[in-house]
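Student: Shown below is the structure under consideration.
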Amino acid sequence: MDFTQFKTTYHISLDPQQEEAVQAVEGPVLLLAVPGSGKTTVLVTRLGYLTHGAGIPPEHILTMTYTVSAARDMKARYAALFGGEEGEKLAFHTINAVCARIIRYYERVFGRSAFKLLEDGGGKNALLGELYKAQTGEFATEGILKNLQSAITYAKNQMLTGEALEGMEVEGMEFAPFFQAYNQALRQRRQMDFDDQMVYALQILRKYPQVLAAIQKRYRYFCVDEAQDTSKIQHTILRLLAGEGGNLFLVGDEDQSIYGFRAACPQALTGFDRDYPQAKVLFLERNYRSARPIVAAADKFIQNNRDRRPKHMIATQGDGPAVREIPVYDRQSQYRYLCKAAADCSVETAVLYRDNDSALPLIDLLDRTGIPYRCRQMDGSFFTSRVVRDLTDLIRLAQNPVDGERFLSLYYKLGAGISKALAQEAVRQGAEKDVPPLEYLIASPKTSPWSKRQCKALQTHLNNLLTDPGDKAVYRMVHFMGYGDYLQERGGDLHKAEILEALGAAQPSPAALLRRLEELEQVARSGSGPADCPFVLSTIHSSKGLEYQRVLLMDVADGIFPRSVPSGDAGEEEREVYEEERRLFYVGMTRAKGSLGVFTFRKGGLSSTFARELFPPKKPEQKKVRPAKPLAQPNREEVAARQARYASGVRLVHRTFGPGVITARTGDIATVSFDSGMDKRLSLSTALRMGQLALE
């Protein structure tokens, strides 16, 4: 049947761009689909048109998806539109599943047995932990194992060899020797991991042309969903399967490529017509999800990326509220705001963030106040990370200064200039006399005068640490006890220390912080919330493909989100990382249907390049504010009456520093965050007597 008959028979309603895509049957086709443009509907409808309109047997069509759940969903949607019996003849698989089938076909044809698949889980972690200890002498934490698995996946999907592989570092160690040892161990055990399925399938296709020919005889039309998330090795396999001029239909959007850590290759989309000169490049640019202001803001924002196709997202929904800036003083203010929003939530609301660590202080606050929320189960990588482990070990060392094992794991991270031999002697000799290692070092003639001073300072800090509130204790360890310097010297990430400090703000002591961390780890691992709870917490990665009535983007600050901002002379790699950060933010923005809010911070050091793009600073209006006249005869009662009006949150104007807002007040002392970015602590009584202040 022709296309008109097809639409009538199956009650198909599409826009012109969608119709063009559905009818693109032959040759290589790239369909670039903006968020909310109905790409899955188009892909499923095109499958129906291939079978019913173009007369192609369903057995000749192979559709590949990014996840198993997406394959199931697409199959169900096809069955709902065109019938389940025919849908059973269509193949819906992930690319990994296709590779597994290639390996099984090879086994049948050649009578050989492939390596056994090492399932992701305990067996793989045990092997990684064993190899990590052999190379470093240390036990691998859950976070380290997770990072090693990510690096292995990245290396295999990017097909890294030589210098590119040699240049990788993971957890402060050279990755290439570890990677080689891991692959050798798998071969010795006659095992392959999940990513090896693609490595071996590609080798089979290249080495045995009869296998490739058999697959190409079976499947003549290849469709790929979420093509921006596929990797270099996956695109290489797809190109072999489809052939140079084959029927390959890719659906994706380089602007939504956010899995660089898994080796996603958006360049395959931007260079598609170079790889396939006869290719068609089509667009779906109409957004059917979000209100007009959200679409306009998101489209303008993503235009600032360079490595993308020239396209625009067009709104089809009506007007709604403008994208809202939510200015708060600091991250603690943000958590309190969100806690109140959760308590008052009656509309489906998603709080989105870059990584799970960002959500922990909010989860902690919601859990302690008993406010319901929904959140996916998290892993425990934060709680077992090297940074958190070191800082909690420091607290435990303060509680038990004679703990030699902990001292040996920490001494070289505290900048005291202690040699390994002297540290071991201090632990050994100190244990015999029940003397803390630091005391032994202070008394030892082998310790240099400088190191003695450092050890005395550390001992004082450890003593005082136990009387600090939780957040002050973390700040002391990072900024005064040398641990922050140790991290920065090794290119470490202070982000986890900042999260730990935020968690400590609610705890009266380091001991209370340790107890709360144990409780919070169980809360995070179990996930939380009734299915009908409208307040949702999610990483942006986990929210991809979903939509919410209201979205709030949290922790939008340079160094957090985006994780880094390139300098003017930044290299290509640094710029690519930044562009992915922008794509991630764009994906977060486009999850919103009705309203979108973005948190910004007034506290110095928490500025955001992304926020400035969304909310360009307005030129300050030249208000003529007449400062209060100095009191001719200072009167205590009159000053006190004026003081009462200067509460936290009140805006004021200072004769010298200009407009600002009171962010905190203790007695006569007010902390003022001025619009210029400067923070000042002022004596209100003095400033009022001198005529320096006026209410705005």
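FYI, nothing fancy with the structure tokens labels: chains A, B, ... in order, residues from 1 per chain, ligands from 1 as they appear.
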Neighbouring residues of Leu32 in chain A were defined as those with any atom within 9 Å, considering only C-alpha atoms; residues of the same chain fewer than 6 positions away were excluded. Please report them as an mmCIF file with N, CA and C atoms, in the first residue's frame.
Tutor:
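New file around_29.cif:
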```
data_model
loop_
_atom_site.group_PDB
_atom_site.id
_atom_site.type_symbol
_atom_site.label_atom_id
_atom_site.label_comp_id
_atom_site.auth_asym_id
_atom_site.auth_seq_id
_atom_site.Cartn_x
_atom_site.Cartn_y
_atom_site.Cartn_z
ATOM 1 N N LYS A 39 10.652 10.632 18.556
ATOM 2 C CA LYS A 39 11.537 9.790 17.753
ATOM 3 C C LYS A 39 11.153 8.312 17.828
ATOM 4 N N LEU A 250 19.878 5.401 11.395
ATOM 5 C CA LEU A 250 20.286 5.810 12.743
ATOM 6 C C LEU A 250 19.367 6.917 13.240
ATOM 7 N N VAL A 251 18.889 6.773 14.469
ATOM 8 C CA VAL A 251 18.093 7.819 15.108
ATOM 9 C C VAL A 251 18.848 8.287 16.343
ATOM 10 N N GLY A 252 19.088 9.571 16.457
ATOM 11 C CA GLY A 252 19.808 10.080 17.624
ATOM 12 C C GLY A 252 19.887 11.589 17.601
ATOM 13 N N ASP A 253 20.707 12.107 18.496
ATOM 14 C CA ASP A 253 20.888 13.562 18.607
ATOM 15 C C ASP A 253 22.208 13.808 19.310
ATOM 16 N N GLU A 254 23.177 14.350 18.574
ATOM 17 C CA GLU A 254 24.485 14.591 19.207
ATOM 18 C C GLU A 254 24.383 15.551 20.378
ATOM 19 N N LEU A 269 27.800 10.800 14.518
ATOM 20 C CA LEU A 269 26.619 11.466 13.973
ATOM 21 C C LEU A 269 27.024 12.725 13.207
ATOM 22 N N VAL A 281 20.409 13.060 5.551
ATOM 23 C CA VAL A 281 20.390 13.553 6.932
ATOM 24 C C VAL A 281 19.074 14.297 7.119
ATOM 25 N N LEU A 282 18.219 13.753 7.967
ATOM 26 C CA LEU A 282 16.893 14.312 8.210
ATOM 27 C C LEU A 282 16.805 14.842 9.640
ATOM 28 N N PHE A 283 15.796 15.649 9.889
ATOM 29 C CA PHE A 283 15.662 16.280 11.195
ATOM 30 C C PHE A 283 14.240 16.115 11.743
ATOM 31 N N LEU A 284 14.151 15.966 13.064
ATOM 32 C CA LEU A 284 12.908 16.152 13.816
ATOM 33 C C LEU A 284 13.177 17.293 14.780
ATOM 34 N N GLU A 285 12.615 18.456 14.513
ATOM 35 C CA GLU A 285 12.955 19.643 15.296
ATOM 36 C C GLU A 285 11.791 20.176 16.142
ATOM 37 N N ARG A 309 25.412 19.576 14.796
ATOM 38 C CA ARG A 309 24.752 19.932 13.548
ATOM 39 C C ARG A 309 23.977 21.239 13.732
ATOM 40 N N LYS A 311 21.003 22.956 13.879
ATOM 41 C CA LYS A 311 19.565 22.700 13.948
ATOM 42 C C LYS A 311 18.991 23.471 15.125
#
```
Student: Mind running range 90-177 of chain A against range 471-491 of chain A at 12 Å and telling me each contacting residue's nearest atom pair with the distance in Å (one decimal), counting only C-alpha atoms, chain and number ascending, as a tab-separated table?
Tutor:
```
residue	atom	partner	partner_atom	distance
A:Glu169	CA	A:Gly491	CA	10.9
A:Val170	CA	A:Gly491	CA	11.3
A:Glu171	CA	A:Arg490	CA	10.0
A:Gly172	CA	A:Arg490	CA	7.5
A:Met173	CA	A:Arg490	CA	10.8
```
Student: With a cut-off of 12 Å, could you pull out the residues of range 504-606 of chain A touching range 654-672 of chain A and give me the nearest pair of atoms for each, distance in Å to one decimal, using only C-alpha atoms, ordered by chain and ascending number, as CSV?
Tutor:
```
residue,atom,partner,partner_atom,distance
A:Phe601,CA,A:Thr663,CA,11.9
A:Arg602,CA,A:Thr663,CA,9.6
A:Lys603,CA,A:Thr663,CA,9.6
A:Gly604,CA,A:Val672,CA,11.9
```
Student: Just the number, please: distance in Å from CA of Arg262 in chain A to CA of Gly122 in chain A, one decimal.
Tutor: 20.9 Å
Student: Write down as a list in words the residues belonging to range 125-188 of chain A that are assigned strand (DSSP E) by DSSP computed on the backbone.
Tutor: Glu169, Val170, Met173 and Glu174 of chain A
Student: Go ahead and dump the residues you just picked, N, CA, C and O atoms, as a PDB file, in the first residue's frame.
Tutor:
```pdb
ATOM      1  N   GLU A 169      45.114   7.145  33.387  1.00  0.00           N
ATOM      2  CA  GLU A 169      45.374   6.914  34.809  1.00  0.00           C
ATOM      3  C   GLU A 169      44.047   6.717  35.515  1.00  0.00           C
ATOM      4  O   GLU A 169      43.077   7.403  35.229  1.00  0.00           O
ATOM      5  N   VAL A 170      44.001   5.764  36.426  1.00  0.00           N
ATOM      6  CA  VAL A 170      42.800   5.507  37.209  1.00  0.00           C
ATOM      7  C   VAL A 170      43.213   5.345  38.660  1.00  0.00           C
ATOM      8  O   VAL A 170      44.118   4.553  38.965  1.00  0.00           O
ATOM      9  N   MET A 173      46.951   5.409  39.548  1.00  0.00           N
ATOM     10  CA  MET A 173      47.892   4.387  39.072  1.00  0.00           C
ATOM     11  C   MET A 173      47.854   4.326  37.550  1.00  0.00           C
ATOM     12  O   MET A 173      46.878   4.732  36.919  1.00  0.00           O
ATOM     13  N   GLU A 174      48.937   3.787  36.970  1.00  0.00           N
ATOM     14  CA  GLU A 174      48.977   3.599  35.522  1.00  0.00           C
ATOM     15  C   GLU A 174      47.973   2.516  35.152  1.00  0.00           C
ATOM     16  O   GLU A 174      47.999   1.412  35.696  1.00  0.00           O
TER      17      GLU A 174
END
```
Student: Within 12 Å of range 111-114 of chain A, counting only C-alpha atoms, which residues show up once you throw out same-chain ones fewer than 2 positions away? Write them as a PyMOL selection string, please.
Tutor: chain A and resi 100-109+116-117+187+189-193+196-197+200-201+204
Student: From the list A:Arg406, A:His312, A:Lys133, A:Arg612, which residue is nearest Val34 in chain A when using only C-alpha atoms?
Tutor: A:His312
Student: Which one of A:Ala71, A:Ala443, A:Ile418, A:Cys375 sits closest to Ser543 in chain A if you count only C-alpha atoms?
Tutor: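 The shortest atom-to-atom distance to Ser543 in chain A comes from A:Cys375.
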Student: Any idea what's packed within 10 Å of Tyr259 in chain A, counting only C-alpha atoms, ignoring anything in its chain fewer than 2 positions away? Could you give it as a list in words?
Tutor: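 Returned residues: Gln228, Asp229, Thr230, Ser231, Gln256, Ser257, Phe261, Arg262, Ala263, Ala264, Cys265, Pro266, His541, Glu580 and Leu584 of chain A.
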Student: Write a file of the just-selected residues containing all heavy atoms, as a CSV table (one decimal), in the first residue's frame.
Tutor:
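Ended up saving to part.csv:
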```
chain,number,residue,atom,x,y,z
A,228,GLN,N,23.4,8.3,19.4
A,228,GLN,CA,24.4,9.2,20.0
A,228,GLN,C,25.1,8.5,21.2
A,228,GLN,O,26.2,9.0,21.6
A,228,GLN,CB,23.8,10.5,20.4
A,228,GLN,CG,23.0,10.5,21.7
A,228,GLN,CD,21.6,10.0,21.5
A,228,GLN,OE1,21.1,9.9,20.4
A,228,GLN,NE2,20.9,9.7,22.6
A,229,ASP,N,24.5,7.5,21.7
A,229,ASP,CA,25.1,6.8,22.9
A,229,ASP,C,26.0,5.6,22.5
A,229,ASP,O,26.6,5.0,23.4
A,229,ASP,CB,24.0,6.3,23.8
A,229,ASP,CG,23.2,7.5,24.4
A,229,ASP,OD1,23.8,8.6,24.5
A,229,ASP,OD2,22.0,7.3,24.7
A,230,THR,N,26.0,5.3,21.2
A,230,THR,CA,26.8,4.1,20.8
A,230,THR,C,28.3,4.5,20.7
A,230,THR,O,28.6,5.7,20.5
A,230,THR,CB,26.3,3.6,19.4
A,230,THR,OG1,26.2,4.7,18.5
A,230,THR,CG2,25.0,2.9,19.6
A,231,SER,N,29.1,3.5,20.8
A,231,SER,CA,30.6,3.8,20.9
A,231,SER,C,31.3,3.5,19.6
A,231,SER,O,30.7,3.1,18.6
A,231,SER,CB,31.2,2.8,22.0
A,231,SER,OG,31.1,1.5,21.6
A,256,GLN,N,22.4,15.3,22.7
A,256,GLN,CA,22.0,14.5,23.9
A,256,GLN,C,23.0,13.4,24.2
A,256,GLN,O,22.6,12.5,24.9
A,256,GLN,CB,20.6,14.0,23.7
A,256,GLN,CG,19.5,15.0,23.6
A,256,GLN,CD,18.1,14.4,23.4
A,256,GLN,OE1,17.5,13.9,24.4
A,256,GLN,NE2,17.6,14.5,22.2
A,257,SER,N,24.2,13.5,23.6
A,257,SER,CA,25.2,12.5,23.9
A,257,SER,C,25.9,12.8,25.2
A,257,SER,O,26.6,13.8,25.3
A,257,SER,CB,26.2,12.5,22.8
A,257,SER,OG,27.2,11.5,23.0
A,261,PHE,N,31.8,8.9,29.4
A,261,PHE,CA,32.6,8.0,30.3
A,261,PHE,C,32.4,6.5,29.9
A,261,PHE,O,33.1,5.6,30.3
A,261,PHE,CB,32.2,8.2,31.7
A,261,PHE,CG,30.7,7.9,32.0
A,261,PHE,CD1,30.3,6.7,32.5
A,261,PHE,CD2,29.8,9.0,31.9
A,261,PHE,CE1,28.9,6.5,32.7
A,261,PHE,CE2,28.4,8.7,32.1
A,261,PHE,CZ,28.0,7.5,32.6
A,262,ARG,N,31.4,6.2,29.1
A,262,ARG,CA,31.2,4.9,28.5
A,262,ARG,C,31.6,4.8,27.0
A,262,ARG,O,31.3,3.9,26.3
A,262,ARG,CB,29.7,4.5,28.6
A,262,ARG,CG,29.2,4.3,30.0
A,262,ARG,CD,27.7,3.9,29.9
A,262,ARG,NE,27.1,3.9,31.2
A,262,ARG,CZ,25.8,3.9,31.4
A,262,ARG,NH1,25.0,3.8,30.4
A,262,ARG,NH2,25.2,3.9,32.6
A,263,ALA,N,32.3,5.9,26.6
A,263,ALA,CA,32.9,5.9,25.2
A,263,ALA,C,31.8,6.2,24.2
A,263,ALA,O,32.0,5.9,23.0
A,263,ALA,CB,33.7,4.7,24.9
A,264,ALA,N,30.7,6.9,24.5
A,264,ALA,CA,29.8,7.3,23.5
A,264,ALA,C,30.5,8.2,22.5
A,264,ALA,O,31.3,9.0,22.8
A,264,ALA,CB,28.6,8.1,24.2
A,265,CYS,N,30.1,8.0,21.2
A,265,CYS,CA,30.8,8.7,20.1
A,265,CYS,C,29.9,9.6,19.3
A,265,CYS,O,29.4,9.2,18.2
A,265,CYS,CB,31.4,7.6,19.3
A,265,CYS,SG,32.5,8.2,18.0
A,266,PRO,N,29.6,10.8,19.8
A,266,PRO,CA,28.7,11.7,19.0
A,266,PRO,C,29.3,12.1,17.7
A,266,PRO,O,28.6,12.5,16.7
A,266,PRO,CB,28.5,12.9,19.9
A,266,PRO,CG,29.7,12.9,20.8
A,266,PRO,CD,30.1,11.4,21.0
A,541,HIS,N,21.5,11.7,34.1
A,541,HIS,CA,21.7,10.5,33.3
A,541,HIS,C,20.5,9.5,33.5
A,541,HIS,O,20.0,8.9,32.5
A,541,HIS,CB,23.0,9.8,33.7
A,541,HIS,CG,24.2,10.5,33.3
A,541,HIS,ND1,25.0,11.2,34.1
A,541,HIS,CD2,24.8,10.5,32.0
A,541,HIS,CE1,26.0,11.7,33.4
A,541,HIS,NE2,26.0,11.3,32.2
A,580,GLU,N,30.4,18.2,26.6
A,580,GLU,CA,29.5,17.2,27.2
A,580,GLU,C,28.8,17.7,28.4
A,580,GLU,O,27.6,17.3,28.7
A,580,GLU,CB,30.3,15.9,27.5
A,580,GLU,CG,29.3,14.8,28.0
A,580,GLU,CD,29.9,13.4,27.9
A,580,GLU,OE1,30.5,13.1,26.9
A,580,GLU,OE2,29.6,12.6,28.8
A,584,LEU,N,24.8,17.7,28.9
A,584,LEU,CA,24.1,17.1,30.1
A,584,LEU,C,23.2,18.1,30.7
A,584,LEU,O,22.0,17.7,31.1
A,584,LEU,CB,25.2,16.7,31.1
A,584,LEU,CG,24.7,15.9,32.4
A,584,LEU,CD1,24.1,14.6,32.0
A,584,LEU,CD2,25.9,15.7,33.3
```
Student: Apply DSSP to the backbone of this structure and, from range 56-140 of chain A, keep only the residues in helix (DSSP H, G or I); write these as a ChimeraX atom specification.
Tutor: /A:58-60,68-82,84-87,95-110,122-136
Student: What's the 8 Å shell around Val402 in chain A, counting only C-alpha atoms, without same-chain residues fewer than 4 positions away, as a ChimeraX atom specification?
Tutor: /A:397,430-431,434-437
Student: Print the selection's residues with all heavy atoms to a file, as a tab-separated table (two decimals), in the first residue's frame.
Tutor:
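File produced: result.tsv:
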```
chain	number	residue	atom	x	y	z
A	397	LEU	N	41.27	8.17	64.24
A	397	LEU	CA	42.61	8.30	64.82
A	397	LEU	C	42.60	9.31	65.96
A	397	LEU	O	43.27	9.12	66.98
A	397	LEU	CB	43.61	8.73	63.74
A	397	LEU	CG	45.07	8.86	64.19
A	397	LEU	CD1	45.62	7.52	64.65
A	397	LEU	CD2	45.93	9.41	63.06
A	430	GLY	N	56.05	2.72	69.70
A	430	GLY	CA	54.95	3.31	70.47
A	430	GLY	C	54.01	2.25	71.01
A	430	GLY	O	53.48	2.37	72.11
A	431	ALA	N	53.78	1.19	70.20
A	431	ALA	CA	52.87	0.13	70.64
A	431	ALA	C	53.40	-0.58	71.88
A	431	ALA	O	52.64	-0.98	72.76
A	431	ALA	CB	52.65	-0.86	69.50
A	434	ASP	N	52.68	1.85	74.67
A	434	ASP	CA	51.34	2.44	74.64
A	434	ASP	C	51.41	3.96	74.46
A	434	ASP	O	50.69	4.72	75.11
A	434	ASP	CB	50.56	2.09	75.91
A	434	ASP	CG	49.05	2.27	75.69
A	434	ASP	OD1	48.60	2.12	74.54
A	434	ASP	OD2	48.35	2.58	76.66
A	435	VAL	N	52.31	4.39	73.56
A	435	VAL	CA	52.49	5.81	73.26
A	435	VAL	C	51.99	6.07	71.84
A	435	VAL	O	52.37	5.35	70.91
A	435	VAL	CB	53.97	6.21	73.37
A	435	VAL	CG1	54.19	7.65	72.90
A	435	VAL	CG2	54.46	6.05	74.79
A	436	PRO	N	51.15	7.08	71.64
A	436	PRO	CA	50.70	7.39	70.28
A	436	PRO	C	51.87	7.68	69.35
A	436	PRO	O	52.87	8.29	69.79
A	436	PRO	CB	49.82	8.63	70.46
A	436	PRO	CG	49.36	8.56	71.87
A	436	PRO	CD	50.51	7.96	72.63
A	437	PRO	N	51.81	7.26	68.10
A	437	PRO	CA	52.91	7.50	67.16
A	437	PRO	C	53.32	8.97	67.08
A	437	PRO	O	54.52	9.27	66.98
A	437	PRO	CB	52.35	7.00	65.82
A	437	PRO	CG	51.34	5.98	66.20
A	437	PRO	CD	50.73	6.46	67.47
```
Student: Closest to His52 in chain A among A:Ala227, A:Met1, A:Ile363, A:Ala531, using only C-alpha atoms?
Tutor: A:Met1
Student: For each of A:Gly588, A:Pro327, A:Gly415, A:Gly529, take the minimum atom-to-atom distance to Phe615 in chain A, counting only C-alpha atoms, then give the residue where this is smallest.
Tutor: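 Going through A:Gly588, A:Pro327, A:Gly415, A:Gly529 one by one, the smallest distance to Phe615 in chain A is for A:Pro327.
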Student: Need to verify the contact set: Val587 in chain A, 12 Å, only C-alpha atoms, exclusion of same-chain residues closer than 6 positions in sequence. Can you return it as number ranges by chain?
Tutor: A: 34-36, 253-259, 294-295, 298-299, 301-302, 352-354, 539-547, 551, 553, 580-581
Student: Name the closest residue to Ala291 in chain A among the candidates A:Tyr548, A:Arg563, A:Arg575, A:Ile152; distances are taken between atoms, counting only C-alpha atoms.
Tutor: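 Comparing A:Tyr548, A:Arg563, A:Arg575, A:Ile152 against Ala291 in chain A, the winner is A:Tyr548.
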Student: Rounded to one decimal in Å, what is the spacing between CA of Asn157 in chain A and CA of Ile233 in chain A?
Tutor: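 Between these atoms lies a distance of 5.3 Å.
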